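The structure appears below as structure tokens.
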There are 2 protein chains.
Amino acid sequence: MSTVERQLEDLKSKIIGEVPDDISISDVKYEGPELVVYTRDPKKFAQNGDLVRKLASKLRKRITVRPDPDTLSHPESAREEIMEVIPEEAGVTDLDFHADTGEVIIEAQKPGMVIGRHGSTLREITQRVGWTPEVVRTPPIESSTVSNVRNFLKQEREERREILERVGRQIHRKEMADEQWVRITTLGCCREVGRAAFILSTAETRILIDCGDKPGAEGEVPYLQVPEALGAGANNLDAVVLTHAHLDHSALIPLLFKYGYDGPIYTTEPTRDLMGLLTLDYLDVAAKEGRTPPYESSMVREAIKHTVTLEYGDVTDIAPDVKLTLHNAGHILGSSIAHFHIGDGLYNVAFSGDIHYDDTRLFNGAVNEFPRVETLVMESTYGGRNDYQTDQEDSERHLQEVINRTHEEGGKVLIPAFAVGRSQEIMLVLEEAMRKGEIPEMPVHLDGMIWEATAIHTTYPEYLRDDLRDRIFHEDENPFLAEEFNHIDGGEDERQEIVDDGPAIILSTSGMVTGGPIMSWLRHLGSDPDSRMVFVGYQAQGTLGRRIQNGWDEIPINDRNGSGRSNTLTLKMDVETVDGFSGHADRQGLENFVRTMNPRPEKVLCVHGDESSTQDLSSALYHEFNMRTFAPKNLETFRFK
Amino acid sequence: MSTVERQLEDLKSKIIGEVPDDISISDVKYEGPELVVYTRDPKKFAQNGDLVRKLASKLRKRITVRPDPDTLSHPESAREEIMEVIPEEAGVTDLDFHADTGEVIIEAQKPGMVIGRHGSTLREITQRVGWTPEVVRTPPIESSTVSNVRNFLKQEREERREILERVGRQIHRKEMADEQWVRITTLGCCREVGRAAFILSTAETRILIDCGDKPGAEGEVPYLQVPEALGAGANNLDAVVLTHAHLDHSALIPLLFKYGYDGPIYTTEPTRDLMGLLTLDYLDVAAKEGRTPPYESSMVREAIKHTVTLEYGDVTDIAPDVKLTLHNAGHILGSSIAHFHIGDGLYNVAFSGDIHYDDTRLFNGAVNEFPRVETLVMESTYGGRNDYQTDQEDSERHLQEVINRTHEEGGKVLIPAFAVGRSQEIMLVLEEAMRKGEIPEMPVHLDGMIWEATAIHTTYPEYLRDDLRDRIFHEDENPFLAEEFNHIDGGEDERQEIVDDGPAIILSTSGMVTGGPIMSWLRHLGSDPDSRMVFVGYQAQGTLGRRIQNGWDEIPINDRNGSGRSNTLTLKMDVETVDGFSGHADRQGLENFVRTMNPRPEKVLCVHGDESSTQDLSSALYHEFNMRTFAPKNLETFRFK
């Protein structure tokens, strides 16, 4: 009997000792980080409202209860009973029964009403039919990404369960090392923005945090080939943790599967879906630009199949000596600070990912309270000594002013924006400004993946700022559904119509003008002196966006017929930058994050910023807070314990 | 055709272009770092005195010329001719013909006379018989280590040639990486003394420098299991470089072969032999103490078989992007500073190994002139702010005084000493003191491996201090052959006789009183209040030597009958420390080494010292010389380029 089997036997006896005698426990299994308890008496289990919570706290495990398949009522009759229990206003759109696990997936417009107060409706369902209900939201805006991911996972359920069982055994394996230490190796995004990737290693475990590309620097990928990363074989990695879906953090996650990685990816549910959307687009762009993509779309599916989603605040065993907790980072939908608790109180490290310290329209500000944390690995995008941003209120006024001015001059406003994050923030600003009459009503066209990304936002309102979530939840006044928003799905013809038509605002990807429909808009509007290009997000070094922002007006641009011939476009449209909409904390925000952090860390590694930004911030934090600070280079290893 | 084969074809054409038309070139091969040129006209080659040197400088390779086997004269007649050419005073003791390579190994008491002025005698031999002569010294004191190593290598010639050919192809492989970087990973001996081990890695190459154990800390071995070291497989290492033979640098070198390493070890010839001696003894001690040795003696033979010896100053390709040069470190016989030239002028790193900056009786002081060096990894054994040692002259007077005092009191002097290094230094001091009448004449008994180590010293006088070498070479006044020196080879009986006899000085291993015959001497003399134990070398933390030095007088000691029962010995003999004989530079010496270093490095990593010593030295060098200095921890990685 393996140690894991012994452990499970042991857990089974404990559970039998804890539950009332009339509840049978037929099997106990690991599935990923969860402990799955099979019972022949699911209904009795459900009657005992607190039982699962008590077991979980007693055993310090995440627990799922599943019925033995032969105890289940027939799906047909179960369906009827379930629909009786759930209030009609919940808007159930689909019920999907999985006899293999006794689960029924309920898709509903208002999941809260399916769950009920403290889960009472869910328990009632189990008491009535024995099945274990799981609830997902019906996207208020139809999202092909969300439905593709859900269908794919449904189709791959069996393989996924095998993966999760394997991962579960791996997580709960016996510790082997007789010494303890904690190290971080930097594989990218040090003294640069892009190709985020770190290895957190202990004597027992190796975890990769993020695996991104570098915008504007084709070929500069994380140093995955070194032995600390994949050089010793991809399966020497125990886990991958993804802080958020932006490509400079996620683009090369699917590549890991091409290299033979076969383990879990821990991230939030929206990040999983956004990663799917963005990486598939990444492959698409590469193909359109005649580059060989580094992996095929099947690898994106592998990544999704291996993803284990966590909610903010879930403390999860991901290795025998590592617990992971994700916390809201305030940067984009699902963005997380990844907190690692290592050993039994040995050490704690938090990776900030990208953070926004203050609340924005879309998100609550980043969490900076932790039970313990000795080392913080922090982004420094705006860490430079002069990287102070305008207040959002002033920025919004500035944006309104630019829009009004352009409108008066008879031009159009073209805003390059990341599909994910900045676009939705600007949408909220424009919706309110029009509603309040601060700017004239005019169509706001959304090009590229912005519409799809917005649909994903509305699928996961729990991840949005409290009051925005409430608006979407309770008041049916979803601002993303406002009528001025137009999804461009008619290609060049539709774009030409818009050009020929009256005043308009166009939000288009890519955010750093490195490709995508924004290139088409440059051809359409670039030579119109009345129109205006407005930058609202960070432009990395080496990107066309940064060059235009710096005053370049001779733009190399591919011919529209895709012949690959390169022409030069003389930019006549006005260029303006409205800052303050960044998804990143500015210098003040970064300092505030550390100042109010509780507890304050002993060490800070300043990463994810230009060389001077990381060094400025490192030096400032050292002088201000008397902590040990570093501005690491790529390919270094720091030991903490 | 592989790239290496193309390279060899190319070199062959170049050589043919360079040599006179009447010299045929039949083949060109790599053997380790050397280029072996086969010719049917070895005699004509030899006539052209400068030809090999010219080729070597033209091709920037180390070149060896070998005759085609069928051009060779018969060994019987060749032997006669060779003996005619070599002057009788050379004292030839053996001739060994190897038809497979056309080499004849000439063992002689005076190798210089076999070589002749600028190699003239060697060339004459080739001109007469066609064979390529190679000269080795007949040890003036018979050394079983030297003869065992030579016999073993003779017996393994064929396999060794295969290894060297493989290594040669590996060294001259095509470079693959498209980026360049240089890193050092610390696997041991950081903020501690012992278990020296570093990885120097580039995008192309990984090199292990040293692999030692930690005296007094059973089980604390270098972190070889991490992926940067052997975690990614032992054969991801390109090369191992050994700075010197002390066990805290060499003990686990043979273990690498147990783990599957199959590549070269670069070191000096005396270090190879001393490593053989010391590691076999290390296994012996482990067995005697009832521990399981980490490897078998066959692994020591593997290590010797894979050793490629270099002389000080030889610039040698050891990887496509790395050239290694060993320089005298002044610490023990054959001890080296390992200088790495990386890329084509990209970066230069020197690993000091253990160094002695000033001249000692045995050795010239450490070399600190290099063509270039940006980073120095430096030992800090005596780097603490108060680690100043007595001048050697004062130390010698102190030692004489202690000996005279003990002699007057009717006691014996017991000196625990490392077999290699300190023992021979003390022997030279005692020999001169007796010769000059500073101390009374009395027997000096050498116990443990000291005699054998001394024999190895006399085999390689080229590695000794100039004037000592000259005494051994030219004047036949080898101080190690003085009559007061007695090799204890009669075990306990002989020891008992010595105890019962008159005044005596005893030098015995181990140097830190961690085992070996010194334990027997403690039993014999420990309770004699007239006798005196005199420490002349560094005592590491955790060793019995350090405890005795600090005043412990209740010594746990195994019963002499080997029953393993542990008794307590009450130490009554006097204990005294005479410092100034260390093989290590003191704080002043370390600072002087850096101060006068040419060029001065940009960065210094202070390693191989207690925590406070490395930090003190790091801070002092920073303040004094305004360089970037570090006191790394184990398991960290520094990136330099």
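By order of appearance in the structure tokens: chains A, B, ..., then residues from 1 within every chain, and ligands from 1 in the order shown.
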
* Selection near A:Glu393, 12 Å with only C-alpha atoms, sequence-local residues under 5 positions removed, as a PyMOL selection string -> chain A and resi 360-361+398-400+429+433+578-581

Output of the above residues as a compact mmCIF listing (two decimals), in the first residue's frame, restricted to C-alpha atoms:
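Output file out_32.txt follows:
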# COMPACT_ATOMS: atom_id res chain seq x y z
CA THR A 360 -10.85 51.39 -10.01
CA ARG A 361 -14.25 51.43 -11.65
CA HIS A 398 -9.05 64.82 -19.42
CA LEU A 399 -10.47 62.01 -21.54
CA GLN A 400 -13.86 63.74 -21.73
CA VAL A 429 -16.12 55.75 -18.07
CA ALA A 433 -20.10 60.26 -19.23
CA VAL A 578 -4.32 60.33 -21.18
CA ASP A 579 -2.73 58.65 -18.25
CA GLY A 580 -4.29 57.52 -15.01
CA PHE A 581 -6.20 54.60 -16.49

* To do: Write out as a PyMOL selection string the residues lying within 9 Å of B:Ile125, counting only C-alpha atoms and excluding same-chain residues fewer than 5 positions away.
  => chain B and resi 43+46+78+81-82+85-86+120+130-133

Please write the residues from the selection above to a file, keeping N, CA and C atoms, as a compact mmCIF listing (two decimals), in the first residue's frame.
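Saved the output as part28.txt:
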# COMPACT_ATOMS: atom_id res chain seq x y z
N LYS B 43 60.45 11.44 -37.57
CA LYS B 43 61.84 11.87 -37.43
C LYS B 43 62.05 13.24 -38.05
N ALA B 46 60.65 15.90 -35.95
CA ALA B 46 61.49 16.23 -34.80
C ALA B 46 62.69 17.08 -35.22
N ALA B 78 65.05 0.18 -30.21
CA ALA B 78 64.79 1.55 -29.81
C ALA B 78 65.33 1.79 -28.41
N GLU B 81 68.99 2.43 -28.44
CA GLU B 81 69.34 3.76 -28.99
C GLU B 81 69.00 4.87 -28.01
N ILE B 82 67.81 4.74 -27.36
CA ILE B 82 67.39 5.77 -26.41
C ILE B 82 68.39 5.87 -25.27
N VAL B 85 71.31 7.84 -26.14
CA VAL B 85 71.12 9.29 -26.25
C VAL B 85 71.07 9.95 -24.87
N ILE B 86 70.38 9.30 -23.91
CA ILE B 86 70.19 9.92 -22.59
C ILE B 86 71.46 9.78 -21.76
N SER B 120 65.90 19.41 -26.44
CA SER B 120 66.77 18.90 -27.52
C SER B 120 66.97 17.38 -27.42
N GLY B 130 62.00 7.41 -33.89
CA GLY B 130 60.63 7.65 -34.34
C GLY B 130 59.62 7.74 -33.20
N TRP B 131 59.85 7.08 -32.08
CA TRP B 131 58.91 7.09 -30.97
C TRP B 131 58.81 8.48 -30.35
N THR B 132 57.63 8.77 -29.76
CA THR B 132 57.43 10.03 -29.06
C THR B 132 57.70 9.83 -27.57
N PRO B 133 58.78 10.43 -27.06
CA PRO B 133 59.09 10.19 -25.64
C PRO B 133 58.24 11.08 -24.71

Excluding B:Gln496 and any residue of its chain fewer than 5 positions from it, enumerate the residues within 9 Å of it, using only C-alpha atoms, and give them as a PDB file with N, CA, C and O atoms, in the first residue's frame.
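What follows is the written file out_6.pdb:
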ATOM      1  N   GLY B 491      52.784   0.311  13.305  1.00  0.00           N
ATOM      2  CA  GLY B 491      51.502   0.310  14.030  1.00  0.00           C
ATOM      3  C   GLY B 491      51.656   0.539  15.525  1.00  0.00           C
ATOM      4  O   GLY B 491      52.598   1.213  15.982  1.00  0.00           O
ATOM      5  N   ASP B 501      60.244   5.439  24.778  1.00  0.00           N
ATOM      6  CA  ASP B 501      61.592   5.935  24.468  1.00  0.00           C
ATOM      7  C   ASP B 501      61.713   7.405  24.880  1.00  0.00           C
ATOM      8  O   ASP B 501      60.815   7.978  25.491  1.00  0.00           O
ATOM      9  N   HIS B 524      47.751   7.373  24.004  1.00  0.00           N
ATOM     10  CA  HIS B 524      49.102   7.135  24.536  1.00  0.00           C
ATOM     11  C   HIS B 524      49.602   8.292  25.378  1.00  0.00           C
ATOM     12  O   HIS B 524      50.219   8.095  26.410  1.00  0.00           O
TER      13      HIS B 524
END

Once you count only C-alpha atoms, which residues of chain B turn out to be within 6 Å of chain A? Could you give them as a PDB file with N, CA and C atoms, in the first residue's frame?
ATOM      1  N   PRO B 227      18.645  20.880  -9.457  1.00  0.00           N
ATOM      2  CA  PRO B 227      18.723  20.713 -10.911  1.00  0.00           C
ATOM      3  C   PRO B 227      19.926  21.417 -11.543  1.00  0.00           C
ATOM      4  N   GLU B 228      20.398  22.482 -10.923  1.00  0.00           N
ATOM      5  CA  GLU B 228      21.562  23.164 -11.474  1.00  0.00           C
ATOM      6  C   GLU B 228      22.796  22.268 -11.436  1.00  0.00           C
ATOM      7  N   ALA B 232      19.542  17.522 -13.064  1.00  0.00           N
ATOM      8  CA  ALA B 232      19.182  17.397 -14.478  1.00  0.00           C
ATOM      9  C   ALA B 232      19.982  16.279 -15.145  1.00  0.00           C
ATOM     10  N   GLU B 636      22.477  29.817  -3.875  1.00  0.00           N
ATOM     11  CA  GLU B 636      22.111  31.036  -4.593  1.00  0.00           C
ATOM     12  C   GLU B 636      22.762  31.021  -5.989  1.00  0.00           C
ATOM     13  N   THR B 637      22.187  31.822  -6.874  1.00  0.00           N
ATOM     14  CA  THR B 637      22.780  31.953  -8.201  1.00  0.00           C
ATOM     15  C   THR B 637      22.988  33.428  -8.516  1.00  0.00           C
ATOM     16  N   PHE B 638      24.208  33.741  -8.935  1.00  0.00           N
ATOM     17  CA  PHE B 638      24.556  35.095  -9.334  1.00  0.00           C
ATOM     18  C   PHE B 638      24.747  35.128 -10.838  1.00  0.00           C
ATOM     19  N   ARG B 639      24.208  36.143 -11.443  1.00  0.00           N
ATOM     20  CA  ARG B 639      24.423  36.294 -12.881  1.00  0.00           C
ATOM     21  C   ARG B 639      25.354  37.470 -13.125  1.00  0.00           C
TER      22      ARG B 639
END

* For the atom pair atom CA of A:Lys305 and atom CA of A:Ile207, what is the interatomic distance in Å to one decimal place? -> 18.5 Å

* To do: Would you kindly return, as a list in words, each protein, DNA or RNA residue with an atom no farther than 8 Å from any atom of B:Thr577, considering only C-alpha atoms and excluding same-chain residues fewer than 3 positions away?
  =>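 Result of the neighbour search: Val534, Phe535, Val536 and Gln549 of chain B.
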
Sel. of strand (DSSP E or B) residues, stretch 290-389 of chain B, as a compact mmCIF listing (two decimals) with all heavy atoms, in the first residue's frame:
# COMPACT_ATOMS: atom_id res chain seq x y z
N THR B 307 40.78 11.89 -15.22
CA THR B 307 41.47 13.15 -14.94
C THR B 307 42.36 13.58 -16.11
O THR B 307 43.11 12.78 -16.66
CB THR B 307 42.31 13.02 -13.65
OG1 THR B 307 41.43 12.76 -12.57
CG2 THR B 307 43.08 14.30 -13.38
N VAL B 308 42.24 14.82 -16.48
CA VAL B 308 43.13 15.42 -17.48
C VAL B 308 43.99 16.41 -16.73
O VAL B 308 43.48 17.37 -16.15
CB VAL B 308 42.31 16.15 -18.57
CG1 VAL B 308 43.24 16.86 -19.55
CG2 VAL B 308 41.39 15.18 -19.29
N THR B 309 45.30 16.15 -16.69
CA THR B 309 46.15 17.02 -15.88
C THR B 309 46.62 18.22 -16.69
O THR B 309 46.91 18.11 -17.88
CB THR B 309 47.37 16.26 -15.32
OG1 THR B 309 48.12 15.76 -16.42
CG2 THR B 309 46.93 15.12 -14.43
N THR B 316 43.64 26.19 -21.65
CA THR B 316 43.07 24.96 -22.21
C THR B 316 41.58 25.12 -22.52
O THR B 316 40.81 25.54 -21.67
CB THR B 316 43.26 23.81 -21.19
OG1 THR B 316 44.64 23.75 -20.85
CG2 THR B 316 42.80 22.50 -21.76
N ASP B 317 41.19 24.76 -23.74
CA ASP B 317 39.77 24.70 -24.07
C ASP B 317 39.13 23.55 -23.30
O ASP B 317 39.55 22.40 -23.46
CB ASP B 317 39.58 24.41 -25.57
CG ASP B 317 39.98 25.58 -26.44
OD1 ASP B 317 39.49 26.69 -26.18
OD2 ASP B 317 40.81 25.39 -27.36
N ILE B 318 38.12 23.84 -22.50
CA ILE B 318 37.41 22.73 -21.84
C ILE B 318 35.95 22.68 -22.25
O ILE B 318 35.21 21.80 -21.84
CB ILE B 318 37.54 22.81 -20.30
CG1 ILE B 318 36.88 24.07 -19.72
CG2 ILE B 318 38.99 22.72 -19.87
CD1 ILE B 318 36.70 24.00 -18.21
N ALA B 319 35.52 23.62 -23.07
CA ALA B 319 34.16 23.64 -23.63
C ALA B 319 34.21 24.60 -24.82
O ALA B 319 35.18 25.35 -24.96
CB ALA B 319 33.16 24.11 -22.58
N VAL B 322 34.56 27.97 -23.19
CA VAL B 322 35.29 28.18 -21.94
C VAL B 322 36.74 27.70 -22.04
O VAL B 322 37.00 26.57 -22.45
CB VAL B 322 34.61 27.42 -20.76
CG1 VAL B 322 35.36 27.69 -19.45
CG2 VAL B 322 33.15 27.82 -20.63
N LYS B 323 37.65 28.61 -21.65
CA LYS B 323 39.06 28.24 -21.54
C LYS B 323 39.44 28.28 -20.07
O LYS B 323 39.14 29.24 -19.37
CB LYS B 323 39.94 29.24 -22.30
CG LYS B 323 39.85 29.12 -23.81
CD LYS B 323 40.83 30.11 -24.46
CE LYS B 323 40.44 30.42 -25.90
NZ LYS B 323 40.45 29.23 -26.79
N LEU B 324 40.15 27.24 -19.63
CA LEU B 324 40.56 27.15 -18.22
C LEU B 324 42.07 27.31 -18.12
O LEU B 324 42.82 26.75 -18.92
CB LEU B 324 40.16 25.76 -17.68
CG LEU B 324 40.79 25.32 -16.34
CD1 LEU B 324 40.28 26.18 -15.18
CD2 LEU B 324 40.51 23.84 -16.08
N THR B 325 42.51 28.07 -17.13
CA THR B 325 43.93 28.15 -16.82
C THR B 325 44.09 27.99 -15.32
O THR B 325 43.40 28.67 -14.55
CB THR B 325 44.53 29.51 -17.23
OG1 THR B 325 44.07 29.84 -18.55
CG2 THR B 325 46.05 29.46 -17.23
N LEU B 326 44.97 27.08 -14.90
CA LEU B 326 45.26 26.92 -13.48
C LEU B 326 46.51 27.71 -13.11
O LEU B 326 47.46 27.76 -13.89
CB LEU B 326 45.46 25.44 -13.14
CG LEU B 326 44.28 24.50 -13.46
CD1 LEU B 326 44.63 23.06 -13.10
CD2 LEU B 326 43.02 24.94 -12.72
N HIS B 327 46.45 28.35 -11.94
CA HIS B 327 47.61 29.12 -11.47
C HIS B 327 47.93 28.70 -10.04
O HIS B 327 47.01 28.37 -9.27
CB HIS B 327 47.27 30.62 -11.47
CG HIS B 327 46.97 31.18 -12.82
ND1 HIS B 327 47.94 31.60 -13.68
CD2 HIS B 327 45.79 31.38 -13.45
CE1 HIS B 327 47.38 32.05 -14.80
NE2 HIS B 327 46.06 31.92 -14.68
N ASN B 328 49.19 28.79 -9.69
CA ASN B 328 49.61 28.44 -8.33
C ASN B 328 48.82 29.21 -7.28
O ASN B 328 48.70 30.43 -7.35
CB ASN B 328 51.10 28.73 -8.17
CG ASN B 328 51.57 28.57 -6.74
OD1 ASN B 328 51.15 27.63 -6.05
ND2 ASN B 328 52.42 29.48 -6.29
N SER B 336 45.54 25.14 -6.88
CA SER B 336 45.38 26.05 -8.01
C SER B 336 44.30 27.08 -7.77
O SER B 336 43.32 26.83 -7.07
CB SER B 336 44.94 25.27 -9.26
OG SER B 336 45.76 24.18 -9.47
N ILE B 337 44.50 28.22 -8.40
CA ILE B 337 43.42 29.15 -8.65
C ILE B 337 42.92 28.81 -10.05
O ILE B 337 43.72 28.68 -10.98
CB ILE B 337 43.93 30.61 -8.60
CG1 ILE B 337 44.42 30.93 -7.19
CG2 ILE B 337 42.84 31.58 -9.06
CD1 ILE B 337 45.16 32.25 -7.08
N ALA B 338 41.62 28.61 -10.19
CA ALA B 338 41.07 28.23 -11.50
C ALA B 338 40.52 29.46 -12.19
O ALA B 338 39.58 30.09 -11.69
CB ALA B 338 39.98 27.17 -11.32
N HIS B 339 41.11 29.81 -13.31
CA HIS B 339 40.69 31.00 -14.06
C HIS B 339 39.93 30.57 -15.31
O HIS B 339 40.43 29.75 -16.09
CB HIS B 339 41.91 31.83 -14.45
CG HIS B 339 41.56 33.06 -15.26
ND1 HIS B 339 41.35 32.99 -16.62
CD2 HIS B 339 41.38 34.34 -14.90
CE1 HIS B 339 41.05 34.21 -17.06
NE2 HIS B 339 41.05 35.04 -16.04
N PHE B 340 38.72 31.11 -15.46
CA PHE B 340 37.89 30.76 -16.61
C PHE B 340 37.71 31.96 -17.52
O PHE B 340 37.26 33.02 -17.09
CB PHE B 340 36.50 30.29 -16.14
CG PHE B 340 36.56 29.04 -15.30
CD1 PHE B 340 36.72 29.11 -13.93
CD2 PHE B 340 36.49 27.80 -15.91
CE1 PHE B 340 36.79 27.97 -13.16
CE2 PHE B 340 36.55 26.63 -15.14
CZ PHE B 340 36.71 26.72 -13.76
N HIS B 341 38.08 31.78 -18.77
CA HIS B 341 37.83 32.79 -19.79
C HIS B 341 36.63 32.32 -20.60
O HIS B 341 36.66 31.24 -21.20
CB HIS B 341 39.06 32.95 -20.68
CG HIS B 341 38.84 33.91 -21.80
ND1 HIS B 341 38.83 35.27 -21.61
CD2 HIS B 341 38.60 33.70 -23.12
CE1 HIS B 341 38.59 35.87 -22.78
NE2 HIS B 341 38.45 34.93 -23.71
N ILE B 342 35.57 33.10 -20.56
CA ILE B 342 34.29 32.64 -21.12
C ILE B 342 33.92 33.44 -22.36
O ILE B 342 34.02 34.68 -22.36
CB ILE B 342 33.18 32.76 -20.05
CG1 ILE B 342 33.53 31.83 -18.88
CG2 ILE B 342 31.83 32.41 -20.64
CD1 ILE B 342 32.92 32.26 -17.60
N TYR B 347 33.58 37.24 -20.61
CA TYR B 347 33.68 37.37 -19.17
C TYR B 347 34.79 36.49 -18.63
O TYR B 347 35.15 35.48 -19.24
CB TYR B 347 32.35 36.97 -18.50
CG TYR B 347 32.12 37.67 -17.18
CD1 TYR B 347 31.73 39.00 -17.16
CD2 TYR B 347 32.31 36.99 -15.98
CE1 TYR B 347 31.53 39.66 -15.95
CE2 TYR B 347 32.11 37.65 -14.76
CZ TYR B 347 31.72 38.97 -14.76
OH TYR B 347 31.52 39.61 -13.57
N ASN B 348 35.33 36.88 -17.46
CA ASN B 348 36.39 36.11 -16.83
C ASN B 348 36.12 35.97 -15.35
O ASN B 348 35.84 36.96 -14.67
CB ASN B 348 37.74 36.81 -17.00
CG ASN B 348 38.15 36.92 -18.46
OD1 ASN B 348 38.86 36.06 -18.96
ND2 ASN B 348 37.68 37.94 -19.14
N VAL B 349 36.19 34.74 -14.86
CA VAL B 349 35.96 34.47 -13.45
C VAL B 349 37.13 33.68 -12.91
O VAL B 349 37.61 32.75 -13.57
CB VAL B 349 34.68 33.62 -13.24
CG1 VAL B 349 34.40 33.44 -11.76
CG2 VAL B 349 33.49 34.24 -13.92
N ALA B 350 37.62 34.03 -11.72
CA ALA B 350 38.65 33.23 -11.06
C ALA B 350 38.11 32.69 -9.75
O ALA B 350 37.51 33.43 -8.97
CB ALA B 350 39.90 34.07 -10.82
N PHE B 351 38.29 31.38 -9.53
CA PHE B 351 37.97 30.74 -8.25
C PHE B 351 39.28 30.55 -7.51
O PHE B 351 40.17 29.85 -8.01
CB PHE B 351 37.30 29.38 -8.47
CG PHE B 351 35.88 29.49 -8.96
CD1 PHE B 351 35.61 29.73 -10.30
CD2 PHE B 351 34.81 29.35 -8.09
CE1 PHE B 351 34.31 29.84 -10.76
CE2 PHE B 351 33.51 29.44 -8.54
CZ PHE B 351 33.25 29.69 -9.87
N GLU B 369 48.08 37.69 -10.86
CA GLU B 369 48.10 38.41 -12.14
C GLU B 369 47.36 37.57 -13.18
O GLU B 369 47.67 36.39 -13.35
CB GLU B 369 49.54 38.59 -12.64
CG GLU B 369 50.43 39.36 -11.71
CD GLU B 369 50.90 40.67 -12.33
OE1 GLU B 369 50.72 40.85 -13.57
OE2 GLU B 369 51.45 41.50 -11.60
N THR B 375 35.26 38.80 -12.10
CA THR B 375 34.74 38.34 -10.81
C THR B 375 35.70 37.34 -10.17
O THR B 375 36.21 36.44 -10.84
CB THR B 375 33.34 37.71 -10.97
OG1 THR B 375 32.38 38.76 -11.18
CG2 THR B 375 32.92 36.94 -9.72
N LEU B 376 35.94 37.56 -8.89
CA LEU B 376 36.78 36.67 -8.11
C LEU B 376 35.92 35.99 -7.05
O LEU B 376 35.20 36.67 -6.31
CB LEU B 376 37.89 37.48 -7.43
CG LEU B 376 38.73 36.76 -6.37
CD1 LEU B 376 39.57 35.65 -6.99
CD2 LEU B 376 39.63 37.76 -5.63
N VAL B 377 35.98 34.66 -7.00
CA VAL B 377 35.32 33.92 -5.92
C VAL B 377 36.43 33.53 -4.96
O VAL B 377 37.32 32.76 -5.31
CB VAL B 377 34.60 32.66 -6.45
CG1 VAL B 377 33.92 31.91 -5.32
CG2 VAL B 377 33.59 33.05 -7.53
N MET B 378 36.43 34.15 -3.76
CA MET B 378 37.61 34.06 -2.91
C MET B 378 37.33 33.40 -1.57
O MET B 378 36.32 33.66 -0.94
CB MET B 378 38.19 35.45 -2.69
CG MET B 378 39.50 35.41 -1.93
SD MET B 378 40.40 36.96 -1.97
CE MET B 378 39.44 37.90 -0.84
N GLU B 379 38.27 32.57 -1.15
CA GLU B 379 38.14 31.96 0.17
C GLU B 379 38.28 33.03 1.26
O GLU B 379 38.91 34.07 1.05
CB GLU B 379 39.20 30.87 0.36
CG GLU B 379 40.62 31.42 0.44
CD GLU B 379 41.33 30.94 1.72
OE1 GLU B 379 40.68 30.97 2.79
OE2 GLU B 379 42.52 30.58 1.63

* Quick one: residues within 7 Å of B:Lys412, only C-alpha atoms counted, chain neighbours fewer than 5 positions away excluded, as a list in words? ->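 Within the cut-off, the hits are Thr406, His407, Pro503, Ala504, Ile505, Ser531 and Arg532 of chain B.
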
* Asked: What lies within 12 Å of A:Leu122 using only C-alpha atoms, ignoring chain neighbours under 4 positions off, as a PyMOL selection string?
  -> chain A and resi 43+46-47+49+82-83+85-87+103-106+111-118+126-135

* Using only C-alpha atoms, which of the listed residues (B:Asp96, B:Glu494, B:Asp50, B:Glu89) sits closest to B:Pro75? ->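 Among the listed residues, the smallest separation from B:Pro75 belongs to B:Asp96.
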
* To do: From a DSSP calculation on the backbone, collect every residue of stretch 267-468 of chain A in alpha helix (DSSP H) and output the set as a VMD selection string.
  => chain A and resid 269 to 288 297 to 305 392 to 408 422 to 435 450 to 459 466 to 468

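Take atom CA of B:Ile555 and atom CA of B:Ile518: the distance between them is 12.8 Å.
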
* Asked: What lies within 10 Å of A:Lys288 using only C-alpha atoms, ignoring chain neighbours under 2 positions off, as a list in words?
  ->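 Near neighbours after the sequence-gap exclusion: Tyr282, Leu283, Asp284, Val285, Ala286, Gly290, Arg291, Thr292, Gly515, Gly516, Gly562 and Gly564 of chain A.
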
* In Å, how far is it from atom CA of B:Asp94 to atom CA of B:Asp68? -> 23.3 Å
